[in-house]
Structures are given as structure tokens and as C-alpha cells.
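Chemist: Contents of data_35.cif (mmCIF, C-alpha atoms and all ligand atoms) are given next:
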data_work
#
loop_
_atom_site.label_atom_id
_atom_site.label_comp_id
_atom_site.auth_asym_id
_atom_site.auth_seq_id
_atom_site.Cartn_x
_atom_site.Cartn_y
_atom_site.Cartn_z
CA MET E 495 10.82 46.14 36.34
CA ASN E 496 7.28 45.43 35.20
CA ARG E 497 5.71 45.64 31.76
CA GLN E 498 4.41 49.17 32.28
CA GLU E 499 7.79 50.49 33.43
CA ILE E 500 9.46 48.91 30.43
CA ILE E 501 6.93 50.48 28.07
CA SER E 502 7.56 53.90 29.68
CA CYS E 503 11.30 53.48 29.15
CA LEU E 504 10.77 52.48 25.52
CA LYS E 505 8.66 55.62 25.01
CA GLN E 506 10.96 57.94 26.98
CA THR E 507 12.22 60.98 25.06
CA GLU E 508 13.60 63.22 27.88
CA PRO E 509 17.40 63.43 27.44
CA ALA E 510 18.03 63.53 31.21
CA GLU E 511 15.91 60.41 31.78
CA LEU E 512 17.58 58.61 28.89
CA LYS E 513 20.99 59.49 30.28
CA LYS E 514 19.95 57.83 33.56
CA LEU E 515 18.95 54.70 31.64
CA TRP E 516 22.28 54.51 29.75
CA ASP E 517 24.24 55.12 32.96
CA SER E 518 22.46 52.51 35.03
CA ALA E 519 22.79 49.91 32.25
CA ASP E 520 26.48 50.77 31.92
CA ARG E 521 26.97 50.36 35.67
CA VAL E 522 25.18 47.01 35.76
CA ARG E 523 27.28 45.87 32.78
CA ALA E 524 30.52 46.86 34.57
CA GLU E 525 29.48 45.13 37.82
CA ASN E 526 28.44 41.88 36.15
CA VAL E 527 30.62 41.31 33.10
CA GLY E 528 33.38 43.85 33.67
CA GLN E 529 35.34 46.10 31.32
CA ALA E 530 36.37 43.43 28.82
CA VAL E 531 34.80 43.50 25.36
CA HIS E 532 34.85 40.03 23.83
CA LEU E 533 35.27 39.64 20.10
CA ARG E 534 33.54 36.84 18.20
CA GLY E 535 34.72 36.09 14.66
CA LEU E 536 31.68 35.69 12.42
CA VAL E 537 31.85 33.19 9.52
CA GLU E 538 28.85 33.41 7.20
CA PHE E 539 29.58 30.04 5.65
CA SER E 540 26.52 29.65 3.42
CA ASN E 541 23.56 31.72 2.26
CA ILE E 542 21.56 28.70 1.08
CA CYS E 543 18.17 28.80 2.78
CA GLY E 544 14.89 26.93 2.58
CA ARG E 545 12.80 29.35 4.64
CA LYS E 546 10.76 32.29 3.50
CA CYS E 547 11.20 34.75 6.34
CA ARG E 548 9.60 37.94 5.01
CA TYR E 549 12.27 40.32 6.35
CA CYS E 550 15.44 38.49 5.35
CA GLY E 551 17.32 39.22 2.12
CA ILE E 552 18.62 35.66 1.70
CA ASN E 553 15.26 33.94 2.17
CA ALA E 554 14.43 31.15 -0.31
CA ALA E 555 11.97 33.29 -2.29
CA ASN E 556 14.63 35.82 -3.31
CA THR E 557 15.79 34.49 -6.66
CA LYS E 558 18.19 37.39 -7.20
CA VAL E 559 20.67 35.97 -4.68
CA ARG E 560 23.63 33.93 -5.92
CA ARG E 561 23.95 31.04 -3.47
CA TYR E 562 27.22 29.76 -2.02
CA GLN E 563 28.54 27.27 0.49
CA MET E 564 32.09 27.52 1.82
CA SER E 565 34.23 24.38 1.85
CA LYS E 566 35.57 22.88 5.05
CA ALA E 567 39.05 24.22 4.22
CA GLU E 568 37.65 27.72 3.77
CA ILE E 569 35.75 27.58 7.06
CA LEU E 570 38.85 26.33 8.89
CA ASP E 571 40.88 29.07 7.27
CA SER E 572 38.45 31.73 8.50
CA ALA E 573 38.49 30.21 11.99
CA GLN E 574 42.29 30.30 11.87
CA THR E 575 42.13 34.00 10.99
CA ALA E 576 39.88 34.57 14.02
CA ARG E 577 42.42 32.84 16.21
CA LYS E 578 45.34 34.80 14.79
CA LEU E 579 43.49 38.00 15.58
CA GLY E 580 43.12 36.84 19.18
CA TYR E 581 39.38 36.08 19.19
CA GLY E 582 38.17 33.43 21.65
CA THR E 583 35.13 32.35 19.65
CA VAL E 584 34.11 31.64 16.11
CA VAL E 585 30.43 31.96 15.15
CA LEU E 586 29.29 29.76 12.27
CA GLN E 587 26.21 31.30 10.69
CA SER E 588 24.19 30.35 7.62
CA GLY E 589 20.73 30.15 6.12
CA GLU E 590 18.50 27.29 7.23
CA ASN E 591 19.46 24.72 4.61
CA ARG E 592 17.61 21.40 4.95
CA LYS E 593 20.06 19.85 2.50
CA LEU E 594 23.07 20.84 4.56
CA ASP E 595 25.24 17.82 5.21
CA VAL E 596 24.96 17.82 9.00
CA TYR E 597 27.93 15.44 9.29
CA PHE E 598 30.10 17.76 7.21
CA LEU E 599 29.36 20.47 9.75
CA ALA E 600 30.02 18.12 12.68
CA GLU E 601 33.44 17.27 11.19
CA THR E 602 34.20 20.95 10.69
CA ILE E 603 33.25 21.76 14.30
CA LYS E 604 35.43 18.90 15.55
CA GLU E 605 38.40 20.17 13.62
CA ILE E 606 38.00 23.74 14.78
CA LYS E 607 37.87 22.52 18.38
CA GLN E 608 40.79 20.12 18.06
CA THR E 609 43.21 21.98 15.85
CA ILE E 610 42.33 25.64 16.36
CA GLY E 611 40.97 25.56 19.88
CA LEU E 612 38.25 28.20 19.76
CA ALA E 613 34.82 28.19 21.35
CA VAL E 614 32.25 27.45 18.64
CA THR E 615 28.89 29.19 18.40
CA LEU E 616 26.30 28.05 15.87
CA SER E 617 23.60 30.20 14.28
CA LEU E 618 21.81 28.02 11.74
CA GLY E 619 18.14 28.10 12.61
CA GLN E 620 15.82 25.28 13.63
CA TRP E 621 16.84 21.62 13.58
CA ASP E 622 15.75 18.37 15.21
CA ARG E 623 17.05 17.28 18.57
CA GLU E 624 19.32 14.63 16.97
CA VAL E 625 21.05 17.22 14.83
CA TYR E 626 21.53 19.72 17.66
CA GLN E 627 22.89 16.82 19.68
CA LEU E 628 25.26 15.70 16.92
CA TRP E 629 26.80 19.18 16.74
CA LYS E 630 26.99 19.42 20.54
CA HIS E 631 28.85 16.11 20.68
CA ALA E 632 31.15 17.37 17.92
CA GLY E 633 32.13 20.15 20.33
CA ALA E 634 29.84 23.11 19.62
CA ASP E 635 29.53 25.29 22.73
CA ARG E 636 26.80 27.82 22.03
CA PHE E 637 23.76 28.37 19.84
CA LEU E 638 22.13 31.61 18.74
CA LEU E 639 18.50 31.48 17.66
CA ARG E 640 16.53 34.70 17.81
CA PHE E 641 12.78 34.40 18.29
CA GLU E 642 12.54 37.64 16.24
CA THR E 643 9.24 38.73 17.84
CA GLY E 644 7.20 37.07 20.57
CA ASP E 645 3.95 38.42 19.10
CA ASP E 646 2.57 35.17 17.72
CA GLU E 647 0.34 36.80 15.11
CA LEU E 648 3.18 38.94 13.77
CA TYR E 649 5.58 35.98 13.95
CA ARG E 650 3.23 33.94 11.76
CA ARG E 651 2.84 36.76 9.23
CA LEU E 652 6.62 37.10 9.00
CA HIS E 653 7.25 33.35 8.84
CA PRO E 654 4.65 31.93 6.42
CA ASP E 655 6.27 28.49 6.57
CA SER E 656 5.92 28.19 10.34
CA LYS E 657 3.39 25.61 11.55
CA THR E 658 3.30 26.30 15.27
CA GLY E 659 4.11 30.01 15.32
CA VAL E 660 6.65 31.42 17.73
CA ALA E 661 6.27 28.33 19.94
CA GLU E 662 8.67 26.66 17.45
CA ARG E 663 11.39 29.06 18.62
CA PHE E 664 10.68 28.70 22.32
CA ASP E 665 10.65 24.90 21.96
CA ALA E 666 13.98 24.95 20.13
CA LEU E 667 15.53 27.26 22.74
CA ARG E 668 14.40 24.97 25.56
CA LEU E 669 15.85 21.98 23.74
CA LEU E 670 19.19 23.70 23.16
CA LYS E 671 19.45 24.55 26.82
CA GLU E 672 18.57 21.01 27.83
CA LEU E 673 21.35 19.70 25.57
CA GLY E 674 23.87 21.85 27.41
CA TYR E 675 24.39 24.65 24.90
CA GLU E 676 25.02 28.17 26.10
CA VAL E 677 21.95 29.73 24.57
CA GLY E 678 21.31 33.07 22.91
CA SER E 679 18.22 34.61 21.44
CA GLY E 680 16.84 38.01 20.63
CA VAL E 681 14.59 40.07 18.42
CA MET E 682 14.61 42.70 15.71
CA ILE E 683 13.70 46.18 16.83
CA GLY E 684 11.13 48.17 14.86
CA LEU E 685 9.76 45.30 12.80
CA PRO E 686 6.74 46.65 10.92
CA GLY E 687 3.79 45.55 13.03
CA GLN E 688 5.77 45.50 16.31
CA SER E 689 4.01 47.35 19.13
CA TYR E 690 5.55 48.77 22.31
CA GLN E 691 3.59 46.24 24.35
CA SER E 692 4.93 43.31 22.39
CA LEU E 693 8.52 44.58 22.56
CA ALA E 694 8.15 45.00 26.34
CA ASP E 695 6.91 41.41 26.53
CA ASP E 696 9.92 40.29 24.47
CA LEU E 697 12.24 41.91 27.00
CA LEU E 698 10.47 40.13 29.86
CA LYS E 699 10.76 36.91 27.87
CA PHE E 700 14.58 37.32 27.72
CA LYS E 701 14.58 37.19 31.49
CA GLN E 702 12.13 34.32 31.72
CA LEU E 703 14.22 32.25 29.27
CA GLU E 704 17.37 32.97 31.34
CA LEU E 705 19.31 33.70 28.17
CA ASP E 706 23.10 33.62 28.23
CA MET E 707 23.32 35.83 25.15
CA ILE E 708 20.92 38.47 23.83
CA GLY E 709 21.16 39.85 20.31
CA ALA E 710 18.88 42.73 19.41
CA GLY E 711 19.40 44.93 16.36
CA PRO E 712 17.24 47.27 14.32
CA TYR E 713 15.14 45.89 11.47
CA ILE E 714 16.57 47.17 8.18
CA LYS E 715 14.35 47.14 5.11
CA HIS E 716 15.45 44.92 2.22
CA GLN E 717 13.79 45.87 -1.06
CA ASP E 718 13.87 42.32 -2.48
CA THR E 719 11.74 40.86 0.32
CA GLN E 720 7.98 40.64 0.75
CA LEU E 721 8.13 42.80 3.86
CA GLY E 722 10.28 45.40 2.09
CA LYS E 723 7.66 45.64 -0.66
CA ASP E 724 4.59 45.54 1.61
CA ILE E 725 5.88 47.58 4.51
CA GLU E 726 2.87 49.92 4.56
CA LYS E 727 0.51 46.97 5.03
CA PHE E 728 2.38 45.89 8.15
CA LEU E 729 2.98 49.23 9.89
CA LEU E 730 0.85 50.11 12.92
CA ASP E 731 -0.37 53.62 13.83
CA ALA E 732 2.58 55.85 14.64
CA LYS E 733 1.62 55.84 18.35
CA GLU E 734 1.81 52.06 18.52
CA GLN E 735 4.56 51.20 16.05
CA VAL E 736 8.08 50.78 17.46
CA PRO E 737 10.48 52.74 15.22
CA ALA E 738 13.55 50.93 13.86
CA THR E 739 15.92 53.61 15.09
CA GLU E 740 19.30 53.80 16.66
CA GLU E 741 17.93 55.27 19.89
CA MET E 742 15.32 52.53 20.22
CA THR E 743 18.11 49.98 19.82
CA TYR E 744 20.09 51.56 22.68
CA LYS E 745 16.98 51.46 24.85
CA VAL E 746 16.50 47.74 24.16
CA ILE E 747 20.18 46.98 24.84
CA ALA E 748 20.02 48.94 28.12
CA LEU E 749 16.80 47.27 29.26
CA ALA E 750 18.10 43.82 28.31
CA ARG E 751 21.17 44.51 30.47
CA LEU E 752 19.05 45.61 33.44
CA LEU E 753 16.79 42.57 33.13
CA CYS E 754 19.57 40.04 32.43
CA PRO E 755 22.66 41.45 34.19
CA GLN E 756 24.96 38.51 33.41
CA ALA E 757 24.14 37.99 29.74
CA ASN E 758 26.56 38.58 26.90
CA ILE E 759 25.04 41.32 24.77
CA PRO E 760 26.54 42.40 21.42
CA ALA E 761 26.57 45.82 19.82
CA THR E 762 25.31 44.38 16.53
CA THR E 763 26.37 44.94 12.91
CA ALA E 764 22.83 46.14 12.14
CA LEU E 765 23.34 48.90 14.71
CA ALA E 766 26.70 49.80 13.14
CA THR E 767 24.89 49.93 9.79
CA LEU E 768 22.57 52.67 11.12
CA ASN E 769 25.50 54.58 12.60
CA PRO E 770 28.87 53.46 11.19
CA LYS E 771 30.78 56.15 13.10
CA GLN E 772 29.62 55.60 16.64
CA GLY E 773 26.94 52.87 16.76
CA ARG E 774 29.11 50.14 18.24
CA GLU E 775 30.76 52.43 20.79
CA GLN E 776 27.43 53.79 21.97
CA GLY E 777 25.99 50.29 22.18
CA LEU E 778 28.96 49.29 24.33
CA CYS E 779 28.31 52.29 26.59
CA CYS E 780 24.68 51.45 27.30
CA GLY E 781 24.93 47.79 28.25
CA ALA E 782 26.64 45.81 25.49
CA ASN E 783 29.91 43.89 26.02
CA ILE E 784 30.42 41.95 22.78
CA VAL E 785 31.29 42.78 19.18
CA MET E 786 31.19 40.32 16.28
CA PRO E 787 33.76 41.25 13.62
CA ASN E 788 33.30 39.52 10.28
CA VAL E 789 35.98 36.99 9.27
CA THR E 790 34.12 35.64 6.21
CA PRO E 791 36.26 35.81 3.04
CA VAL E 792 35.48 39.16 1.40
CA LYS E 793 34.41 37.49 -1.88
CA TYR E 794 31.37 35.94 -0.17
CA ARG E 795 30.23 38.92 1.87
CA GLN E 796 28.11 40.63 -0.81
CA MET E 797 26.13 37.42 -1.21
CA TYR E 798 25.22 37.23 2.48
CA GLU E 799 22.94 40.25 2.26
CA ILE E 800 20.34 39.67 4.98
CA TYR E 801 19.80 43.45 4.86
CA PRO E 802 21.33 46.08 2.55
CA ALA E 803 24.38 48.28 3.18
CA LYS E 804 25.74 46.04 5.93
CA ALA E 805 28.55 47.73 7.83
CA CYS E 806 32.18 46.78 7.04
CA ILE E 807 31.22 44.57 4.10
CA ALA E 808 34.39 45.14 2.07
CA GLU E 809 36.93 45.31 4.91
CA SER E 810 39.39 42.48 5.39
CA ALA E 811 39.35 40.71 8.76
CA GLU E 812 42.64 42.41 9.66
CA THR E 813 41.35 45.90 8.86
CA CYS E 814 38.13 45.20 10.79
CA ASN E 815 40.15 44.06 13.75
CA ALA E 816 42.43 47.11 13.86
CA CYS E 817 39.41 49.41 13.61
CA MET E 818 37.61 47.53 16.36
CA LEU E 819 40.57 47.72 18.75
CA LYS E 820 40.74 51.48 18.30
CA ARG E 821 37.04 51.84 18.94
CA ILE E 822 37.20 49.76 22.11
CA GLU E 823 40.17 51.70 23.45
CA SER E 824 38.50 55.02 22.61
CA ILE E 825 35.84 54.30 25.24
CA GLY E 826 38.30 53.17 27.90
CA ARG E 827 37.61 49.44 27.62
CA TYR E 828 39.85 46.56 26.58
CA VAL E 829 39.60 43.40 24.49
CA GLY E 830 38.78 40.36 26.60
CA SER E 831 40.95 37.26 26.47
CA GLY E 832 39.71 33.68 26.61
CA ARG E 833 36.29 32.35 25.65
CA GLY E 834 34.16 34.98 27.30
CA ASP E 835 31.39 32.67 28.51
CA SER E 836 28.50 34.31 30.33
CA PRO E 837 28.93 34.09 34.13
CA GLY E 838 25.36 32.86 34.41
CA PHE E 839 26.12 29.91 32.13
CA LEU E 840 29.29 29.05 34.05
CA ASN E 841 27.31 28.96 37.28
CA ARG E 842 24.71 26.68 35.74
CA ALA E 843 27.41 24.43 34.31
CA GLN E 844 29.11 24.22 37.69
CA MET E 845 25.90 23.10 39.31
CA GLY E 846 25.42 20.55 36.52
CA VAL E 847 22.08 22.01 35.40
CA GLY E 848 21.18 21.06 31.84
CA LEU E 849 24.42 19.19 31.26
N1 LIG L 1 19.36 31.33 9.50
C1 LIG L 1 19.83 31.66 10.82
C2 LIG L 1 20.63 32.95 10.84
C3 LIG L 1 19.84 34.14 10.44
S1 LIG L 1 20.70 35.67 10.22
C4 LIG L 1 18.63 31.73 11.74
O1 LIG L 1 17.50 31.58 11.25
O2 LIG L 1 18.79 31.87 12.95
C5 LIG L 1 20.71 36.30 11.87
C6 LIG L 1 19.66 37.32 12.21
O3 LIG L 1 19.64 38.40 11.29
C7 LIG L 1 18.24 36.85 12.19
O4 LIG L 1 17.93 36.08 13.31
C8 LIG L 1 17.46 38.16 12.14
O5 LIG L 1 17.10 38.60 13.45
C9 LIG L 1 18.47 39.15 11.53
N2 LIG L 1 17.94 39.73 10.29
C10 LIG L 1 17.45 39.09 9.20
N3 LIG L 1 16.97 39.98 8.30
C11 LIG L 1 17.14 41.21 8.83
C12 LIG L 1 16.82 42.53 8.41
N4 LIG L 1 16.21 42.77 7.24
N5 LIG L 1 17.15 43.56 9.22
C13 LIG L 1 17.77 43.34 10.40
N6 LIG L 1 18.08 42.12 10.87
C14 LIG L 1 17.78 41.07 10.09
#
Let me see whether you can do it: turn the structure in this file into C-alpha cells.
Modeler:
Amino acid sequence: MNRQEIISCLKQTEPAELKKLWDSADRVRAENVGQAVHLRGLVEFSNICGRKCRYCGINAANTKVRRYQMSKAEILDSAQTARKLGYGTVVLQSGENRKLDVYFLAETIKEIKQTIGLAVTLSLGQWDREVYQLWKHAGADRFLLRFETGDDELYRRLHPDSKTGVAERFDALRLLKELGYEVGSGVMIGLPGQSYQSLADDLLKFKQLELDMIGAGPYIKHQDTQLGKDIEKFLLDAKEQVPATEEMTYKVIALARLLCPQANIPATTALATLNPKQGREQGLCCGANIVMPNVTPVKYRQMYEIYPAKACIAESAETCNACMLKRIESIGRYVGSGRGDSPGFLNRAQMGVGL
């Protein structure tokens, strides 16, 4: 698929054509990663952040946020919950906190690996090689770092503290791969200022980066952010501006699946926020094969408000799990067992590339 074909798909409105897109993505998903839906337990262990990303509700400039950091015991407890519920992976996510005790996190990773036995995914932003390496040696398996948008000018406007623009993300992703991590990235869909051309280029970039995991969810406006306040200044003409809609999200999931057949692709919480009833199921039916239920203690969830009205914010991990199982069964799929690594990564690992 070339850039022009991707743009046409992104602009497609004919129901019959869209149905073809969903069906072919669903078929490619079934052929490459099968019927299993893997569950990843998400632990939002701290909202402390030093960056000023214009879209994100927990960015350093938002003084309304009460900041927290979970203790090691609390993180281990959440990981234990994930294991009890049968998940193969725990995802440790936080703001980008320069003052984070990187050894504390290494110890925590080690303990999760040794005593709980789950795959560990990190989602903590940009760090130096030594730090990524420390966590890898501690046992971390995967790293998620979205590049958010590959349009360098827009990236710089959205990340005022970035020195090198989006190259900082591509450099970090290359480094993570070199260190042997299973690597994920992705973008937000419908960011104010995002054009169809740039989103098509982002999709091609997923392929070029040979990503093992691709996370793409709709941008959701947060009123206490610079972008939330200045949205009009960022928006392009209606013809050019990608809308932050549910349908656009399905298109991106489907195209990501066609371009990267073996990647693990989640139906994201942001998508479920736009459509709490059916968003996840529909995402799973047009290319996605992963869901990330939240296992963060409920008392912290309100404080991890990267965007407002996040889906399932008050549900306990157990309730979330029961609901998720029903949803997965309702579409004729089943919950995967084991770690659920991407087949592409396993092939690379077998050949010793990047390890
Ligand atoms: N600090 C980590 C984790 C960030 S939260 C990091 O920098 O990687 C994970 C993702 O949430 C971000 O990568 C971003 O794509 C998404 N996100 C942030 N604000 C959002 C918003 N307002 N709407 C939708 N998604 C958002």
C-alpha cells in the first residue's frame, strides 16, 4: 500500500468500502496472530512528570493535578492482581519523572519477574541508554513509546521542551530495539494540526520501524492543557484536518494491521472512552488483538487523568476483568494464555537480531 492509497482509505466514507477494509484487516489479524485476545494489566504507578506535552492532562504545567507515586509494595500488589486474573503481562506506566529513582524501579521489575513471573512492559517516556539498559537487565521485556505524530513541526509545537523534534522519539525507539526490548510505538488520531498526509506517513513509519506493538487512540481534549485551551489555533481546514473520531480510529487500526500483520495492536482505553458500549469490541473486529485492563488501585485512578472521562475509571480490577471476558466472548474470541509476544519479535529473537 502506498501513501496515496492510505490517504484514500483514511478519507473513505462509503459503507461498503469500509466494510471491505474492516474485513480484510480482521482476516489478516486472524491469519497472523490468531483468535486469542491478550490482556495486559496496566499499572499507572505515578503521575509525576517533568514534561510539558501540550495535549496531556498530567503534564508538568498542570498545577491542578495532585501528584502521587505508588510504593514498591503497592506496585507488586497490583502486579499480583494481574496475575490472579490470568494476565500474562503487566504494563508499568507513569509520567516522565527525571527524579524517579531508577534503581527503585529496577528492583521492582526484578521482583515482579522473580516472584510473580509476568512479562513486564514499561511505558515511561525518554531515558538515556544506561537507564533503558538497567531496566532491561532487571528483566523488563518490552517498552512502549509513542512518537505521537511524525510531523516534525507539529511534534515541536506539541512538545515545547523537545530539542531535536520527533527525531528524539525515533532515536529512542532505535535504541530500545538495539537493547533487545520488544518495542511498541504509535500516535494519537485527530490531533489538532494533524493532516491526512501526515497520518498516512505515520502509518508507513510503523512499517518502516518494524514495530512489535502499535498503539493508536483518538486524541481527547483536556481542558486544563494548553492544547485544550488553544485548540482553534491548531486546527487545520476541515478538508485537511483528521477528525478525532471513533471511525477514524478503526481505520487506523485496520491499516496498521494490514501494514504490520504480526504486530500486537490494542483496542485502546481512549477508544473505549469514545464508545464505552462497543468501542473495544469493534476495535478487536477490525484488526486489534490486545486489551489493557486497568489494575491500578482505584484510589489513584482519578489522579492519572491524561484525558478526561477515561473509561472504567472507578471499576475494580475484578469487575473490569469480568466485563472484558464477556466482551471478548461476545465476538467469538477467547482470552490468550501466556505472554503473548508478537510473532515478529520471536522470530527476530530466534535469529539473535538486536539481542
Ligand atoms: N509518560 C509516558 C506515558 C504517557 S501516557 C510517555 O511519555 O510515553 C500514554 C499515552 O497517552 C501517550 O503516549 C499519548 O499518546 C496518550 N495521551 C496523552 N494525552 C492524551 C489525550 N489528551 N488524548 C488521548 N491520548 C492521550
Chemist: Please identify every polymer residue within 8 Å of ligand LIG 1 (chain L), using only C-alpha atoms and all ligand atoms, and present the set as a VMD selection string.
Modeler: chain E and resid 543 549 to 551 587 to 590 617 to 620 638 to 642 680 to 682 710 to 716 764 800 to 802
Chemist: Kindly export the residues of the current selection with C-alpha atoms, as a PDB file, in the frame of the given file.
Modeler:
ATOM      1  CA  CYS E 543      18.170  28.800   2.780  1.00  0.00           C
ATOM      2  CA  TYR E 549      12.270  40.320   6.350  1.00  0.00           C
ATOM      3  CA  CYS E 550      15.440  38.490   5.350  1.00  0.00           C
ATOM      4  CA  GLY E 551      17.320  39.220   2.120  1.00  0.00           C
ATOM      5  CA  GLN E 587      26.210  31.300  10.690  1.00  0.00           C
ATOM      6  CA  SER E 588      24.190  30.350   7.620  1.00  0.00           C
ATOM      7  CA  GLY E 589      20.730  30.150   6.120  1.00  0.00           C
ATOM      8  CA  GLU E 590      18.500  27.290   7.230  1.00  0.00           C
ATOM      9  CA  SER E 617      23.600  30.200  14.280  1.00  0.00           C
ATOM     10  CA  LEU E 618      21.810  28.020  11.740  1.00  0.00           C
ATOM     11  CA  GLY E 619      18.140  28.100  12.610  1.00  0.00           C
ATOM     12  CA  GLN E 620      15.820  25.280  13.630  1.00  0.00           C
ATOM     13  CA  LEU E 638      22.130  31.610  18.740  1.00  0.00           C
ATOM     14  CA  LEU E 639      18.500  31.480  17.660  1.00  0.00           C
ATOM     15  CA  ARG E 640      16.530  34.700  17.810  1.00  0.00           C
ATOM     16  CA  PHE E 641      12.780  34.400  18.290  1.00  0.00           C
ATOM     17  CA  GLU E 642      12.540  37.640  16.240  1.00  0.00           C
ATOM     18  CA  GLY E 680      16.840  38.010  20.630  1.00  0.00           C
ATOM     19  CA  VAL E 681      14.590  40.070  18.420  1.00  0.00           C
ATOM     20  CA  MET E 682      14.610  42.700  15.710  1.00  0.00           C
ATOM     21  CA  ALA E 710      18.880  42.730  19.410  1.00  0.00           C
ATOM     22  CA  GLY E 711      19.400  44.930  16.360  1.00  0.00           C
ATOM     23  CA  PRO E 712      17.240  47.270  14.320  1.00  0.00           C
ATOM     24  CA  TYR E 713      15.140  45.890  11.470  1.00  0.00           C
ATOM     25  CA  ILE E 714      16.570  47.170   8.180  1.00  0.00           C
ATOM     26  CA  LYS E 715      14.350  47.140   5.110  1.00  0.00           C
ATOM     27  CA  HIS E 716      15.450  44.920   2.220  1.00  0.00           C
ATOM     28  CA  ALA E 764      22.830  46.140  12.140  1.00  0.00           C
ATOM     29  CA  ILE E 800      20.340  39.670   4.980  1.00  0.00           C
ATOM     30  CA  TYR E 801      19.800  43.450   4.860  1.00  0.00           C
ATOM     31  CA  PRO E 802      21.330  46.080   2.550  1.00  0.00           C
TER      32      PRO E 802
END
Chemist: Of the candidates E:Lys701, E:Lys745, E:Arg534, E:Arg774, which shows the shortest atom-to-atom distance to E:Glu511, using only C-alpha atoms?
Modeler: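 Closest candidate: E:Lys745.
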Chemist: For atom CA of E:Arg592 and atom CA of E:Ile542, determine how far apart the two atoms are, in Å to one decimal place.
Modeler: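 So the two atoms, atom CA of E:Arg592 and atom CA of E:Ile542, lie 9.2 Å apart.
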Chemist: Which residue is closest to E:Gln608? Choose from E:His532, E:Gly633, E:Ala573, E:Glu624 and count all atoms listed in the file.
Modeler: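 Among E:His532, E:Gly633, E:Ala573, E:Glu624, it is E:Gly633 that comes nearest to E:Gln608.
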Chemist: Measuring atom to atom with all atoms listed in the file, identify which of E:Gln772, E:Ser824, E:Gln756, E:Thr583 is nearest to E:Met786.
Modeler: E:Thr583
Chemist: Please, could N, CA, C and O atoms be added to stretch 827-838 of chain E and the result written as a PDB file, in the frame of the given file?
Modeler:
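The result, stored in part-v4.pdb:
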ATOM      1  N   ARG E 827      37.790  50.867  27.312  1.00  0.00           N
ATOM      2  CA  ARG E 827      37.610  49.440  27.620  1.00  0.00           C
ATOM      3  C   ARG E 827      38.758  48.675  26.975  1.00  0.00           C
ATOM      4  O   ARG E 827      39.602  49.255  26.299  1.00  0.00           O
ATOM      5  N   TYR E 828      38.789  47.352  27.194  1.00  0.00           N
ATOM      6  CA  TYR E 828      39.850  46.560  26.580  1.00  0.00           C
ATOM      7  C   TYR E 828      39.286  45.258  26.012  1.00  0.00           C
ATOM      8  O   TYR E 828      38.173  44.851  26.378  1.00  0.00           O
ATOM      9  N   VAL E 829      40.057  44.638  25.125  1.00  0.00           N
ATOM     10  CA  VAL E 829      39.600  43.400  24.490  1.00  0.00           C
ATOM     11  C   VAL E 829      39.782  42.239  25.460  1.00  0.00           C
ATOM     12  O   VAL E 829      40.868  42.051  26.014  1.00  0.00           O
ATOM     13  N   GLY E 830      38.729  41.477  25.665  1.00  0.00           N
ATOM     14  CA  GLY E 830      38.780  40.360  26.600  1.00  0.00           C
ATOM     15  C   GLY E 830      39.602  39.200  26.045  1.00  0.00           C
ATOM     16  O   GLY E 830      39.638  38.997  24.839  1.00  0.00           O
ATOM     17  N   SER E 831      40.245  38.459  26.936  1.00  0.00           N
ATOM     18  CA  SER E 831      40.950  37.260  26.470  1.00  0.00           C
ATOM     19  C   SER E 831      40.129  36.046  26.881  1.00  0.00           C
ATOM     20  O   SER E 831      39.252  36.137  27.736  1.00  0.00           O
ATOM     21  N   GLY E 832      40.433  34.912  26.272  1.00  0.00           N
ATOM     22  CA  GLY E 832      39.710  33.680  26.610  1.00  0.00           C
ATOM     23  C   GLY E 832      38.361  33.611  25.915  1.00  0.00           C
ATOM     24  O   GLY E 832      38.063  34.402  25.032  1.00  0.00           O
ATOM     25  N   ARG E 833      37.532  32.663  26.357  1.00  0.00           N
ATOM     26  CA  ARG E 833      36.290  32.350  25.650  1.00  0.00           C
ATOM     27  C   ARG E 833      35.177  33.351  25.887  1.00  0.00           C
ATOM     28  O   ARG E 833      34.278  33.497  25.076  1.00  0.00           O
ATOM     29  N   GLY E 834      35.202  33.999  27.029  1.00  0.00           N
ATOM     30  CA  GLY E 834      34.160  34.980  27.300  1.00  0.00           C
ATOM     31  C   GLY E 834      32.781  34.358  27.456  1.00  0.00           C
ATOM     32  O   GLY E 834      31.795  34.835  26.901  1.00  0.00           O
ATOM     33  N   ASP E 835      32.706  33.258  28.227  1.00  0.00           N
ATOM     34  CA  ASP E 835      31.390  32.670  28.510  1.00  0.00           C
ATOM     35  C   ASP E 835      30.622  33.601  29.440  1.00  0.00           C
ATOM     36  O   ASP E 835      31.201  34.372  30.190  1.00  0.00           O
ATOM     37  N   SER E 836      29.292  33.492  29.410  1.00  0.00           N
ATOM     38  CA  SER E 836      28.500  34.310  30.330  1.00  0.00           C
ATOM     39  C   SER E 836      28.623  33.738  31.745  1.00  0.00           C
ATOM     40  O   SER E 836      28.574  32.515  31.926  1.00  0.00           O
ATOM     41  N   PRO E 837      28.794  34.602  32.757  1.00  0.00           N
ATOM     42  CA  PRO E 837      28.930  34.090  34.130  1.00  0.00           C
ATOM     43  C   PRO E 837      27.726  33.267  34.566  1.00  0.00           C
ATOM     44  O   PRO E 837      27.870  32.298  35.322  1.00  0.00           O
ATOM     45  N   GLY E 838      26.568  33.617  34.067  1.00  0.00           N
ATOM     46  CA  GLY E 838      25.360  32.860  34.410  1.00  0.00           C
ATOM     47  C   GLY E 838      25.458  31.421  33.911  1.00  0.00           C
ATOM     48  O   GLY E 838      25.107  30.472  34.617  1.00  0.00           O
TER      49      GLY E 838
END
